[in-house]
$ cat final_38.cif   # mmCIF, C-alpha atoms
data_coords
#
loop_
_atom_site.group_PDB
_atom_site.id
_atom_site.type_symbol
_atom_site.label_atom_id
_atom_site.label_comp_id
_atom_site.auth_asym_id
_atom_site.auth_seq_id
_atom_site.Cartn_x
_atom_site.Cartn_y
_atom_site.Cartn_z
ATOM 1 C CA MET A 1 333.868 229.340 125.545
ATOM 2 C CA THR A 2 333.908 233.055 126.403
ATOM 3 C CA ASN A 3 331.019 234.812 128.104
ATOM 4 C CA GLU A 4 330.278 236.640 124.846
ATOM 5 C CA GLU A 5 329.991 233.317 123.011
ATOM 6 C CA LYS A 6 327.731 231.949 125.718
ATOM 7 C CA VAL A 7 325.477 235.004 125.553
ATOM 8 C CA ALA A 8 325.302 234.602 121.775
ATOM 9 C CA LEU A 9 324.370 230.951 122.205
ATOM 10 C CA ILE A 10 321.639 231.857 124.713
ATOM 11 C CA GLU A 11 320.295 234.487 122.298
ATOM 12 C CA GLU A 12 320.251 231.972 119.491
ATOM 13 C CA THR A 13 318.578 229.310 121.643
ATOM 14 C CA LEU A 14 315.918 231.737 122.835
ATOM 15 C CA ASP A 15 315.491 233.105 119.291
ATOM 16 C CA ILE A 16 316.311 236.647 120.465
ATOM 17 C CA GLU A 17 318.023 239.388 118.433
ATOM 18 C CA ASN A 18 321.841 239.186 118.614
ATOM 19 C CA GLY A 19 323.321 241.696 121.028
ATOM 20 C CA SER A 20 320.137 242.215 122.994
ATOM 21 C CA LEU A 21 321.307 240.438 126.140
ATOM 22 C CA ARG A 22 324.021 241.509 128.601
ATOM 23 C CA PRO A 23 325.178 239.776 131.783
ATOM 24 C CA GLU A 24 323.365 242.393 133.888
ATOM 25 C CA THR A 25 320.088 242.038 131.932
ATOM 26 C CA GLU A 26 317.302 241.032 134.281
ATOM 27 C CA LEU A 27 315.448 237.998 132.959
ATOM 28 C CA SER A 28 312.108 239.372 134.147
ATOM 29 C CA SER A 29 312.576 242.197 131.605
ATOM 30 C CA VAL A 30 313.053 239.791 128.682
ATOM 31 C CA ALA A 31 309.627 239.170 127.170
ATOM 32 C CA GLU A 32 310.885 236.136 125.247
ATOM 33 C CA PHE A 33 311.975 234.361 128.437
ATOM 34 C CA ASP A 34 308.784 232.321 128.713
ATOM 35 C CA SER A 35 308.209 228.676 129.618
ATOM 36 C CA MET A 36 309.321 227.425 126.176
ATOM 37 C CA ALA A 37 312.497 229.535 126.419
ATOM 38 C CA LYS A 38 313.198 227.994 129.802
ATOM 39 C CA LEU A 39 312.716 224.560 128.293
ATOM 40 C CA SER A 40 315.175 225.542 125.529
ATOM 41 C CA LEU A 41 317.677 226.547 128.172
ATOM 42 C CA ILE A 42 317.377 223.120 129.804
ATOM 43 C CA VAL A 43 318.066 221.404 126.462
ATOM 44 C CA LEU A 44 320.976 223.807 125.777
ATOM 45 C CA CYS A 45 322.601 223.026 129.131
ATOM 46 C CA ASP A 46 322.147 219.320 128.604
ATOM 47 C CA GLU A 47 323.385 219.099 125.015
ATOM 48 C CA ASN A 48 326.067 221.810 124.862
ATOM 49 C CA PHE A 49 327.374 221.835 128.435
ATOM 50 C CA ASN A 50 326.397 218.376 129.693
ATOM 51 C CA LYS A 51 324.779 219.969 132.743
ATOM 52 C CA LYS A 52 321.422 219.143 134.226
ATOM 53 C CA LEU A 53 319.387 222.260 134.876
ATOM 54 C CA THR A 54 316.289 221.939 137.056
ATOM 55 C CA GLY A 55 313.147 224.065 137.137
ATOM 56 C CA GLU A 56 314.063 225.140 140.649
ATOM 57 C CA GLN A 57 317.454 226.413 139.482
ATOM 58 C CA ILE A 58 315.851 228.317 136.619
ATOM 59 C CA ARG A 59 313.434 229.984 138.985
ATOM 60 C CA ALA A 60 316.440 231.178 141.018
ATOM 61 C CA PHE A 61 318.072 232.905 138.006
ATOM 62 C CA VAL A 62 317.654 236.692 138.217
ATOM 63 C CA THR A 63 320.012 237.960 135.515
ATOM 64 C CA VAL A 64 321.647 236.618 132.352
ATOM 65 C CA GLY A 65 324.856 236.602 134.412
ATOM 66 C CA ASP A 66 323.339 233.981 136.708
ATOM 67 C CA ILE A 67 322.897 231.694 133.701
ATOM 68 C CA LEU A 68 326.498 232.338 132.627
ATOM 69 C CA GLU A 69 327.701 231.473 136.124
ATOM 70 C CA PHE A 70 325.738 228.223 136.020
ATOM 71 C CA LEU A 71 327.209 227.309 132.629
ATOM 72 C CA GLY A 72 330.663 227.823 134.191
ATOM 73 C CA MET B 73 296.749 178.511 139.972
ATOM 74 C CA GLY B 74 297.269 182.135 139.026
ATOM 75 C CA LYS B 75 295.135 183.757 136.413
ATOM 76 C CA PHE B 76 298.029 183.872 133.949
ATOM 77 C CA GLU B 77 299.554 180.500 134.857
ATOM 78 C CA ASN B 78 301.995 179.394 132.147
ATOM 79 C CA LYS B 79 301.024 182.257 129.854
ATOM 80 C CA TYR B 80 304.020 183.749 128.057
ATOM 81 C CA ILE B 81 303.947 187.524 128.173
ATOM 82 C CA LEU B 82 306.534 189.920 126.743
ATOM 83 C CA ILE B 83 306.897 193.269 128.504
ATOM 84 C CA THR B 84 309.146 195.791 126.798
ATOM 85 C CA GLY B 85 310.390 198.617 128.976
ATOM 86 C CA ALA B 86 309.944 196.391 132.024
ATOM 87 C CA SER B 87 312.652 197.771 134.292
ATOM 88 C CA LYS B 88 310.742 200.780 135.584
ATOM 89 C CA GLY B 89 307.432 202.562 135.833
ATOM 90 C CA ILE B 90 304.320 200.867 134.482
ATOM 91 C CA GLY B 91 306.277 197.983 132.915
ATOM 92 C CA PHE B 92 307.905 197.073 136.217
ATOM 93 C CA THR B 93 304.646 197.113 138.195
ATOM 94 C CA LEU B 94 303.007 195.005 135.500
ATOM 95 C CA ALA B 95 305.887 192.514 135.681
ATOM 96 C CA GLU B 96 305.499 192.201 139.461
ATOM 97 C CA ASN B 97 301.750 191.625 139.101
ATOM 98 C CA LEU B 98 302.084 189.053 136.321
ATOM 99 C CA ASP B 99 304.833 187.244 138.220
ATOM 100 C CA ASN B 100 302.421 186.879 141.157
ATOM 101 C CA LEU B 101 299.714 185.627 138.799
ATOM 102 C CA GLY B 102 301.854 182.791 137.492
ATOM 103 C CA ALA B 103 302.858 184.137 134.085
ATOM 104 C CA LYS B 104 306.094 183.253 132.348
ATOM 105 C CA LEU B 105 307.636 186.574 131.431
ATOM 106 C CA ILE B 106 310.026 187.886 128.845
ATOM 107 C CA LEU B 107 311.284 191.098 130.382
ATOM 108 C CA HIS B 108 312.973 193.692 128.232
ATOM 109 C CA ALA B 109 315.275 196.565 129.127
ATOM 110 C CA SER B 110 317.462 198.762 126.960
ATOM 111 C CA THR B 111 320.307 199.442 129.367
ATOM 112 C CA ASP B 112 322.665 197.472 131.617
ATOM 113 C CA ALA B 113 321.182 199.249 134.642
ATOM 114 C CA GLY B 114 317.719 198.138 133.597
ATOM 115 C CA MET B 115 318.882 194.573 133.035
ATOM 116 C CA ASN B 116 320.546 194.498 136.460
ATOM 117 C CA LYS B 117 317.361 195.687 138.118
ATOM 118 C CA LEU B 118 315.344 192.994 136.349
ATOM 119 C CA THR B 119 317.892 190.353 137.318
ATOM 120 C CA ASP B 120 317.815 191.444 140.967
ATOM 121 C CA SER B 121 314.025 191.641 141.109
ATOM 122 C CA PHE B 122 313.115 188.500 139.237
ATOM 123 C CA ALA B 123 316.083 186.198 139.794
ATOM 124 C CA ASN B 124 315.318 182.487 140.021
ATOM 125 C CA LYS B 125 311.714 182.899 138.994
ATOM 126 C CA GLY B 126 312.152 181.308 135.616
ATOM 127 C CA HIS B 127 311.566 184.408 133.555
ATOM 128 C CA LEU B 128 313.555 185.348 130.482
ATOM 129 C CA LEU B 129 315.403 188.598 129.969
ATOM 130 C CA PHE B 130 315.673 190.422 126.667
ATOM 131 C CA LYS B 131 318.119 193.258 126.103
ATOM 132 C CA ALA B 132 317.621 195.393 123.026
ATOM 133 C CA ASP B 133 318.106 199.001 122.037
ATOM 134 C CA PHE B 134 314.726 200.377 120.947
ATOM 135 C CA SER B 135 316.306 203.510 119.519
ATOM 136 C CA ASP B 136 317.780 201.186 116.869
ATOM 137 C CA PRO B 137 314.849 199.261 115.352
ATOM 138 C CA LEU B 138 317.150 197.648 112.791
ATOM 139 C CA SER B 139 318.905 195.763 115.596
ATOM 140 C CA LEU B 140 315.786 194.170 117.092
ATOM 141 C CA GLU B 141 315.384 191.165 114.804
ATOM 142 C CA GLU B 142 318.878 189.867 115.501
ATOM 143 C CA ALA B 143 318.521 190.600 119.228
ATOM 144 C CA TRP B 144 315.162 188.808 119.436
ATOM 145 C CA GLN B 145 316.247 185.742 117.502
ATOM 146 C CA SER B 146 319.562 185.362 119.292
ATOM 147 C CA GLN B 147 318.261 185.848 122.840
ATOM 148 C CA ILE B 148 314.805 184.304 122.881
ATOM 149 C CA ASN B 149 313.963 180.672 122.207
ATOM 150 C CA GLN B 150 311.984 180.788 119.000
ATOM 151 C CA ASP B 151 309.757 177.891 120.124
ATOM 152 C CA ILE B 152 308.085 180.133 122.706
ATOM 153 C CA LYS B 153 304.533 181.077 121.791
ATOM 154 C CA LEU B 154 303.406 184.382 123.225
ATOM 155 C CA ASP B 155 300.007 185.031 124.809
ATOM 156 C CA GLY B 156 300.598 188.706 125.483
ATOM 157 C CA PHE B 157 302.834 191.633 124.552
ATOM 158 C CA VAL B 158 302.733 194.908 126.449
ATOM 159 C CA ASN B 159 304.910 197.675 125.060
ATOM 160 C CA CYS B 160 305.891 200.125 127.790
ATOM 161 C CA VAL B 161 308.843 201.709 125.984
ATOM 162 C CA GLY B 162 308.221 205.401 125.588
ATOM 163 C CA LEU B 163 311.110 207.747 124.993
ATOM 164 C CA ARG B 164 310.168 211.156 126.392
ATOM 165 C CA SER B 165 310.801 214.371 124.551
ATOM 166 C CA ARG B 166 310.200 217.960 125.616
ATOM 167 C CA ARG B 167 311.762 220.617 123.460
ATOM 168 C CA PRO B 168 310.626 223.695 121.560
ATOM 169 C CA LEU B 169 310.544 223.758 117.785
ATOM 170 C CA THR B 170 313.751 225.825 117.608
ATOM 171 C CA LEU B 171 315.675 222.855 119.015
ATOM 172 C CA LEU B 172 313.644 220.090 117.415
ATOM 173 C CA LYS B 173 316.202 218.873 114.894
ATOM 174 C CA PRO B 174 315.627 215.841 112.654
ATOM 175 C CA ALA B 175 318.084 213.613 114.517
ATOM 176 C CA HIS B 176 316.095 214.068 117.709
ATOM 177 C CA VAL B 177 312.715 213.599 116.034
ATOM 178 C CA MET B 178 313.941 210.421 114.336
ATOM 179 C CA GLN B 179 315.301 209.065 117.607
ATOM 180 C CA ILE B 180 311.861 209.460 119.216
ATOM 181 C CA LEU B 181 310.020 207.976 116.226
ATOM 182 C CA HIS B 182 312.444 205.063 116.022
ATOM 183 C CA ALA B 183 312.056 204.138 119.689
ATOM 184 C CA ASN B 184 308.347 204.781 120.067
ATOM 185 C CA VAL B 185 306.924 203.835 116.670
ATOM 186 C CA ALA B 186 309.253 201.813 114.443
ATOM 187 C CA SER B 187 310.469 199.534 117.245
ATOM 188 C CA PHE B 188 306.927 198.784 118.413
ATOM 189 C CA ILE B 189 305.892 197.843 114.888
ATOM 190 C CA GLU B 190 309.045 195.775 114.468
ATOM 191 C CA MET B 191 308.367 193.840 117.678
ATOM 192 C CA CYS B 192 304.822 193.144 116.452
ATOM 193 C CA ARG B 193 306.265 191.851 113.188
ATOM 194 C CA LEU B 194 308.721 189.600 114.993
ATOM 195 C CA ILE B 195 306.177 187.976 117.300
ATOM 196 C CA CYS B 196 303.167 187.770 114.970
ATOM 197 C CA ARG B 197 304.824 185.271 112.658
ATOM 198 C CA LYS B 198 303.521 181.735 112.451
ATOM 199 C CA ASN B 199 304.365 179.635 115.504
ATOM 200 C CA GLY B 200 305.342 182.806 117.396
ATOM 201 C CA PHE B 201 302.114 183.170 119.353
ATOM 202 C CA ASN B 202 299.050 181.400 120.648
ATOM 203 C CA PRO B 203 295.559 182.261 119.362
ATOM 204 C CA GLY B 204 294.148 184.965 121.599
ATOM 205 C CA LEU B 205 297.423 186.897 121.712
ATOM 206 C CA SER B 206 296.726 190.340 123.169
ATOM 207 C CA ILE B 207 299.019 193.229 122.237
ATOM 208 C CA ILE B 208 298.805 196.497 124.148
ATOM 209 C CA THR B 209 300.967 199.564 123.719
ATOM 210 C CA ILE B 210 301.128 202.412 126.204
ATOM 211 C CA SER B 211 299.997 205.643 124.611
ATOM 212 C CA SER B 212 299.485 209.084 126.091
ATOM 213 C CA ILE B 213 296.938 211.865 126.356
ATOM 214 C CA ALA B 214 299.578 213.864 124.437
ATOM 215 C CA ALA B 215 298.482 212.009 121.292
ATOM 216 C CA HIS B 216 295.023 213.564 121.660
ATOM 217 C CA SER B 217 295.455 216.959 123.258
ATOM 218 C CA GLY B 218 299.077 217.970 122.665
ATOM 219 C CA GLY B 219 300.961 220.823 124.248
ATOM 220 C CA PRO B 220 303.872 223.167 123.523
ATOM 221 C CA GLY B 221 307.236 221.408 123.454
ATOM 222 C CA VAL B 222 305.778 217.909 123.209
ATOM 223 C CA THR B 223 305.647 217.762 119.406
ATOM 224 C CA ALA B 224 307.887 214.750 118.784
ATOM 225 C CA TYR B 225 306.512 212.694 121.670
ATOM 226 C CA ALA B 226 302.866 213.432 120.827
ATOM 227 C CA ALA B 227 303.457 212.696 117.137
ATOM 228 C CA SER B 228 305.040 209.359 118.031
ATOM 229 C CA LYS B 229 302.143 208.344 120.271
ATOM 230 C CA ALA B 230 299.526 209.380 117.703
ATOM 231 C CA ALA B 231 301.414 207.418 115.047
ATOM 232 C CA THR B 232 301.440 204.346 117.278
ATOM 233 C CA GLU B 233 297.698 204.585 117.890
ATOM 234 C CA ALA B 234 297.130 204.806 114.134
ATOM 235 C CA ALA B 235 299.330 201.747 113.631
ATOM 236 C CA VAL B 236 297.324 199.867 116.269
ATOM 237 C CA ARG B 237 294.060 200.420 114.398
ATOM 238 C CA CYS B 238 295.595 199.014 111.210
ATOM 239 C CA LEU B 239 297.281 196.080 112.921
ATOM 240 C CA ALA B 240 294.054 195.110 114.692
ATOM 241 C CA LYS B 241 292.253 194.855 111.360
ATOM 242 C CA GLU B 242 295.129 192.972 109.772
ATOM 243 C CA LEU B 243 295.681 190.507 112.605
ATOM 244 C CA PHE B 244 292.183 189.584 113.823
ATOM 245 C CA LYS B 245 292.100 186.603 111.472
ATOM 246 C CA LYS B 246 295.067 185.225 113.381
ATOM 247 C CA GLU B 247 293.059 185.731 116.592
ATOM 248 C CA ILE B 248 295.340 188.546 117.701
ATOM 249 C CA ARG B 249 293.938 191.653 119.374
ATOM 250 C CA VAL B 250 295.789 194.992 119.414
ATOM 251 C CA ASN B 251 294.937 198.014 121.565
ATOM 252 C CA SER B 252 296.485 201.204 122.911
ATOM 253 C CA LEU B 253 296.089 202.386 126.475
ATOM 254 C CA VAL B 254 295.957 206.178 126.538
ATOM 255 C CA CYS B 255 297.510 207.099 129.860
ATOM 256 C CA GLY B 256 297.290 210.392 131.705
ATOM 257 C CA GLN B 257 299.927 211.528 134.162
ATOM 258 C CA VAL B 258 301.208 208.576 136.146
ATOM 259 C CA ASN B 259 303.535 208.709 139.122
ATOM 260 C CA THR B 260 306.710 207.235 137.601
ATOM 261 C CA SER B 261 310.366 208.230 137.610
ATOM 262 C CA ALA B 262 309.754 209.778 134.170
ATOM 263 C CA TYR B 263 307.070 211.944 135.774
ATOM 264 C CA ALA B 264 309.476 212.973 138.552
ATOM 265 C CA ASP B 265 312.050 213.923 135.886
ATOM 266 C CA LEU B 266 309.417 215.955 134.081
ATOM 267 C CA MET B 267 308.447 217.877 137.192
ATOM 268 C CA GLU B 268 312.082 218.551 137.999
ATOM 269 C CA THR B 269 312.695 220.185 134.644
ATOM 270 C CA LYS B 270 309.472 222.151 134.454
ATOM 271 C CA SER B 271 310.038 225.871 134.766
ATOM 272 C CA ASP B 272 306.863 226.297 136.790
ATOM 273 C CA ALA B 273 306.407 224.136 139.847
ATOM 274 C CA THR B 274 302.792 223.159 139.195
ATOM 275 C CA ASP B 275 301.529 220.493 136.840
ATOM 276 C CA THR B 276 298.719 222.104 134.887
ATOM 277 C CA ILE B 277 297.718 218.731 133.439
ATOM 278 C CA LEU B 278 296.531 217.644 136.861
ATOM 279 C CA GLU B 279 294.022 220.515 136.863
ATOM 280 C CA ARG B 280 292.217 218.677 134.050
ATOM 281 C CA GLN B 281 293.037 215.176 135.285
ATOM 282 C CA TYR B 282 290.487 215.479 138.050
ATOM 283 C CA LEU B 283 290.982 212.010 139.532
ATOM 284 C CA GLY B 284 294.517 213.130 140.383
ATOM 285 C CA LEU B 285 297.908 211.628 139.600
ATOM 286 C CA GLY B 286 297.627 207.989 138.526
ATOM 287 C CA SER B 287 299.619 205.136 140.028
ATOM 288 C CA THR B 288 301.380 202.445 138.040
ATOM 289 C CA GLN B 289 299.005 199.973 139.725
ATOM 290 C CA ASN B 290 295.979 201.891 138.341
ATOM 291 C CA ILE B 291 297.355 201.349 134.847
ATOM 292 C CA THR B 292 298.439 197.766 135.526
ATOM 293 C CA ASN B 293 294.902 196.805 136.579
ATOM 294 C CA ILE B 294 293.604 197.847 133.167
ATOM 295 C CA LEU B 295 296.492 196.125 131.375
ATOM 296 C CA LEU B 296 295.667 192.864 133.169
ATOM 297 C CA PHE B 297 292.080 193.167 131.966
ATOM 298 C CA LEU B 298 293.210 193.847 128.392
ATOM 299 C CA LEU B 299 295.628 190.909 128.489
ATOM 300 C CA GLY B 300 292.988 188.478 129.689
ATOM 301 C CA GLY B 301 290.138 186.793 127.884
ATOM 302 C CA GLU B 302 287.485 189.005 129.540
ATOM 303 C CA SER B 303 288.415 191.730 127.060
ATOM 304 C CA CYS B 304 288.096 189.451 124.015
ATOM 305 C CA PHE B 305 285.598 191.802 122.334
ATOM 306 C CA ILE B 306 287.952 194.825 122.439
ATOM 307 C CA THR B 307 290.419 195.407 119.604
ATOM 308 C CA GLY B 308 291.724 198.324 117.559
ATOM 309 C CA SER B 309 290.863 200.699 120.385
ATOM 310 C CA ALA B 310 292.635 203.567 122.082
ATOM 311 C CA ILE B 311 291.300 203.198 125.588
ATOM 312 C CA PRO B 312 291.664 206.160 127.947
ATOM 313 C CA ALA B 313 293.191 205.569 131.373
ATOM 314 C CA ASP B 314 293.536 209.238 132.086
ATOM 315 C CA GLY B 315 291.825 210.156 135.348
ATOM 316 C CA GLY B 316 289.222 212.060 133.348
ATOM 317 C CA TYR B 317 291.692 214.251 131.429
ATOM 318 C CA LEU B 318 290.171 213.801 127.972
ATOM 319 C CA SER B 319 286.542 214.090 129.116
#

$ encode --input "final_38.cif" --output "structure tokens"
Amino acid sequence: MTNEEKVALIEETLDIENGSLRPETELSSVAEFDSMAKLSLIVLCDENFNKKLTGEQIRAFVTVGDILEFLG
Amino acid sequence: MGKFENKYILITGASKGIGFTLAENLDNLGAKLILHASTDAGMNKLTDSFANKGHLLFKADFSDPLSLEEAWQSQINQDIKLDGFVNCVGLRSRRPLTLLKPAHVMQILHANVASFIEMCRLICRKNGFNPGLSIITISSIAAHSGGPGVTAYAASKAATEAAVRCLAKELFKKEIRVNSLVCGQVNTSAYADLMETKSDATDTILERQYLGLGSTQNITNILLFLLGGESCFITGSAIPADGGYLS
């Protein structure tokens, strides 16, 4: 999966407008990135990437790129 | 003589958390147990913990209620008459509505609702129990207060509590009592998993649960009371064991 596809998947999971996220986007600037969005991200990682994402790891994410790096 | 000497008690979801602590307590009190787990790992733990103590093991997949009848009849001697059934199976679910697809919702409802009802059906047949049979299912404060992301789990627990009220009224003539125990946050491996996946490090539930995090022994003490004859006047109830959360 390319980075563009991953970003699109994150946008869809977070219910955010397509094309609104870039790797350099800071998560603190994304209003939709609330506790439910973080929970969505955990489910996304588990179901689509078979990776266990912890709350501690989420708190360490600064940009969208950090999420992409985690997804590998 | 232990308090539950020679009483047959089925514990589903017995390999961890509340079910496991209850099994240890009832073993010490002389009960004959039927201990259920869904997985090989769970069965191995039960075998290691309760080997040579004369208890029976029951392996069945609660996410597939249609499989339970065959599993029950093939694994458990049908001459056994139960005195108690405590259902500790509770599949957890935390996900926002956007990801709450029917397959997931059905999986939770199958494991937490349909399988509990099916087990009641299987054991409440004639010659399957002794008069005075006490059935208790573990419910949750989520059934009463809810929270974002807990939709499927809360719905399943509320459905089970509703089923309990009906079953109590249907089964009292057979001298069977049925109750739910509405648990607050309890320090189990499921709770540890929850805290690990929470995006914020604090558990806001504990701000309302002013007696603090419960232990599996706290819950077990109440289960022992509900299993025994001292609670013979209680049926059809959803009894809080919530550290004050719902008050």

$ residues_around --input "final_38.cif" --residues "Gly162 (chain B)" --least-positions-apart "5" --cutoff "12 Å" --atoms "all atoms listed in the file" --output "VMD selection string"
chain B and resid 84 to 86 88 to 91 109 to 110 134 to 135 179 to 188 209 to 212 224 to 226 228 to 229 232 255 262

$ atom_distance --input "final_38.cif" --atom1 "CA of Gly72 (chain A)" --atom2 "CA of Leu172 (chain B)"
25.1 Å

$ interface_residues --input "final_38.cif" --of "chain B" --to "chain A" --cutoff "10 Å" --atoms "all atoms listed in the file" --output "ChimeraX atom specification"
/B:166-172,220-221,265-273

$ resolve_selection --input "final_38.cif" --expression "the PyMOL selection byres ((chain A and resi 18-33) around 6)" --output "ChimeraX atom specification"
/A:17,34,37,62-65

$ atom_distance --input "final_38.cif" --atom1 "CA of Ala143 (chain B)" --atom2 "CA of Phe244 (chain B)"
26.9 Å

$ closest_residue --input "final_38.cif" --among "B:Arg193, B:Lys117, B:Lys131, B:Lys198" --to "Leu239 (chain B)" --atoms "all atoms listed in the file"
B:Arg193

$ residues_around --input "final_38.cif" --residues "Asn97 (chain B)" --least-positions-apart "2" --cutoff "12 Å" --atoms "all atoms listed in the file" --output "list in words"
Gly74, Lys75, Phe76, Ile81, Ile83, Ala86, Ile90, Gly91, Phe92, Thr93, Leu94, Ala95, Asp99, Asn100, Leu101, Gly102, Ala103, Lys104, Leu105, Phe122, Thr288, Gln289, Asn290, Ile291, Thr292, Asn293, Ile294, Leu295 and Leu296 of chain B

$ write_last_selection --input "final_38.cif" --atoms "C-alpha atoms" --output "mmCIF file, in the frame of the given file"
data_model
loop_
_atom_site.group_PDB
_atom_site.id
_atom_site.type_symbol
_atom_site.label_atom_id
_atom_site.label_comp_id
_atom_site.auth_asym_id
_atom_site.auth_seq_id
_atom_site.Cartn_x
_atom_site.Cartn_y
_atom_site.Cartn_z
ATOM 1 C CA GLY B 74 297.269 182.135 139.026
ATOM 2 C CA LYS B 75 295.135 183.757 136.413
ATOM 3 C CA PHE B 76 298.029 183.872 133.949
ATOM 4 C CA ILE B 81 303.947 187.524 128.173
ATOM 5 C CA ILE B 83 306.897 193.269 128.504
ATOM 6 C CA ALA B 86 309.944 196.391 132.024
ATOM 7 C CA ILE B 90 304.320 200.867 134.482
ATOM 8 C CA GLY B 91 306.277 197.983 132.915
ATOM 9 C CA PHE B 92 307.905 197.073 136.217
ATOM 10 C CA THR B 93 304.646 197.113 138.195
ATOM 11 C CA LEU B 94 303.007 195.005 135.500
ATOM 12 C CA ALA B 95 305.887 192.514 135.681
ATOM 13 C CA ASP B 99 304.833 187.244 138.220
ATOM 14 C CA ASN B 100 302.421 186.879 141.157
ATOM 15 C CA LEU B 101 299.714 185.627 138.799
ATOM 16 C CA GLY B 102 301.854 182.791 137.492
ATOM 17 C CA ALA B 103 302.858 184.137 134.085
ATOM 18 C CA LYS B 104 306.094 183.253 132.348
ATOM 19 C CA LEU B 105 307.636 186.574 131.431
ATOM 20 C CA PHE B 122 313.115 188.500 139.237
ATOM 21 C CA THR B 288 301.380 202.445 138.040
ATOM 22 C CA GLN B 289 299.005 199.973 139.725
ATOM 23 C CA ASN B 290 295.979 201.891 138.341
ATOM 24 C CA ILE B 291 297.355 201.349 134.847
ATOM 25 C CA THR B 292 298.439 197.766 135.526
ATOM 26 C CA ASN B 293 294.902 196.805 136.579
ATOM 27 C CA ILE B 294 293.604 197.847 133.167
ATOM 28 C CA LEU B 295 296.492 196.125 131.375
ATOM 29 C CA LEU B 296 295.667 192.864 133.169
#

$ resolve_selection --input "final_38.cif" --expression "the PyMOL selection byres ((chain A and resi 2) around 12)" --output "mmCIF file with C-alpha atoms, in the frame of the given file"
data_model
loop_
_atom_site.group_PDB
_atom_site.id
_atom_site.type_symbol
_atom_site.label_atom_id
_atom_site.label_comp_id
_atom_site.auth_asym_id
_atom_site.auth_seq_id
_atom_site.Cartn_x
_atom_site.Cartn_y
_atom_site.Cartn_z
ATOM 1 C CA MET A 1 333.868 229.340 125.545
ATOM 2 C CA ASN A 3 331.019 234.812 128.104
ATOM 3 C CA GLU A 4 330.278 236.640 124.846
ATOM 4 C CA GLU A 5 329.991 233.317 123.011
ATOM 5 C CA LYS A 6 327.731 231.949 125.718
ATOM 6 C CA VAL A 7 325.477 235.004 125.553
ATOM 7 C CA ALA A 8 325.302 234.602 121.775
ATOM 8 C CA LEU A 9 324.370 230.951 122.205
ATOM 9 C CA LEU A 68 326.498 232.338 132.627
ATOM 10 C CA GLU A 69 327.701 231.473 136.124
ATOM 11 C CA LEU A 71 327.209 227.309 132.629
ATOM 12 C CA GLY A 72 330.663 227.823 134.191
#

$ atom_distance --input "final_38.cif" --atom1 "CA of Glu96 (chain B)" --atom2 "CA of Leu154 (chain B)"
18.1 Å

$ closest_residue --input "final_38.cif" --among "B:Leu318, B:Ala231, B:Val254, B:Leu107" --to "Ser121 (chain B)" --atoms "only C-alpha atoms"
B:Leu107

$ closest_residue --input "final_38.cif" --among "B:Glu233, B:Glu141, B:Asp155, B:Glu279" --to "Asn251 (chain B)" --atoms "all atoms listed in the file"
B:Glu233

$ resolve_selection --input "final_38.cif" --expression "the PyMOL selection byres ((chain B and resi 299-314) around 8)" --output "ChimeraX atom specification"
/B:156,204,206-208,213,233,236-241,249-257,281,286,291,294-298,315-318

$ write_last_selection --input "final_38.cif" --atoms "C-alpha atoms" --output "mmCIF file, keeping the file's coordinate frame"
data_model
loop_
_atom_site.group_PDB
_atom_site.id
_atom_site.type_symbol
_atom_site.label_atom_id
_atom_site.label_comp_id
_atom_site.auth_asym_id
_atom_site.auth_seq_id
_atom_site.Cartn_x
_atom_site.Cartn_y
_atom_site.Cartn_z
ATOM 1 C CA GLY B 156 300.598 188.706 125.483
ATOM 2 C CA GLY B 204 294.148 184.965 121.599
ATOM 3 C CA SER B 206 296.726 190.340 123.169
ATOM 4 C CA ILE B 207 299.019 193.229 122.237
ATOM 5 C CA ILE B 208 298.805 196.497 124.148
ATOM 6 C CA ILE B 213 296.938 211.865 126.356
ATOM 7 C CA GLU B 233 297.698 204.585 117.890
ATOM 8 C CA VAL B 236 297.324 199.867 116.269
ATOM 9 C CA ARG B 237 294.060 200.420 114.398
ATOM 10 C CA CYS B 238 295.595 199.014 111.210
ATOM 11 C CA LEU B 239 297.281 196.080 112.921
ATOM 12 C CA ALA B 240 294.054 195.110 114.692
ATOM 13 C CA LYS B 241 292.253 194.855 111.360
ATOM 14 C CA ARG B 249 293.938 191.653 119.374
ATOM 15 C CA VAL B 250 295.789 194.992 119.414
ATOM 16 C CA ASN B 251 294.937 198.014 121.565
ATOM 17 C CA SER B 252 296.485 201.204 122.911
ATOM 18 C CA LEU B 253 296.089 202.386 126.475
ATOM 19 C CA VAL B 254 295.957 206.178 126.538
ATOM 20 C CA CYS B 255 297.510 207.099 129.860
ATOM 21 C CA GLY B 256 297.290 210.392 131.705
ATOM 22 C CA GLN B 257 299.927 211.528 134.162
ATOM 23 C CA GLN B 281 293.037 215.176 135.285
ATOM 24 C CA GLY B 286 297.627 207.989 138.526
ATOM 25 C CA ILE B 291 297.355 201.349 134.847
ATOM 26 C CA ILE B 294 293.604 197.847 133.167
ATOM 27 C CA LEU B 295 296.492 196.125 131.375
ATOM 28 C CA LEU B 296 295.667 192.864 133.169
ATOM 29 C CA PHE B 297 292.080 193.167 131.966
ATOM 30 C CA LEU B 298 293.210 193.847 128.392
ATOM 31 C CA GLY B 315 291.825 210.156 135.348
ATOM 32 C CA GLY B 316 289.222 212.060 133.348
ATOM 33 C CA TYR B 317 291.692 214.251 131.429
ATOM 34 C CA LEU B 318 290.171 213.801 127.972
#

$ closest_residue --input "final_38.cif" --among "B:Thr274, B:Cys160, B:Leu98, B:Leu283" --to "Ser319 (chain B)" --atoms "only C-alpha atoms"
B:Leu283

$ closest_residue --input "final_38.cif" --among "B:Met115, B:Ala132, B:Ala215, B:Leu138" --to "Ala227 (chain B)" --atoms "all atoms listed in the file"
B:Ala215
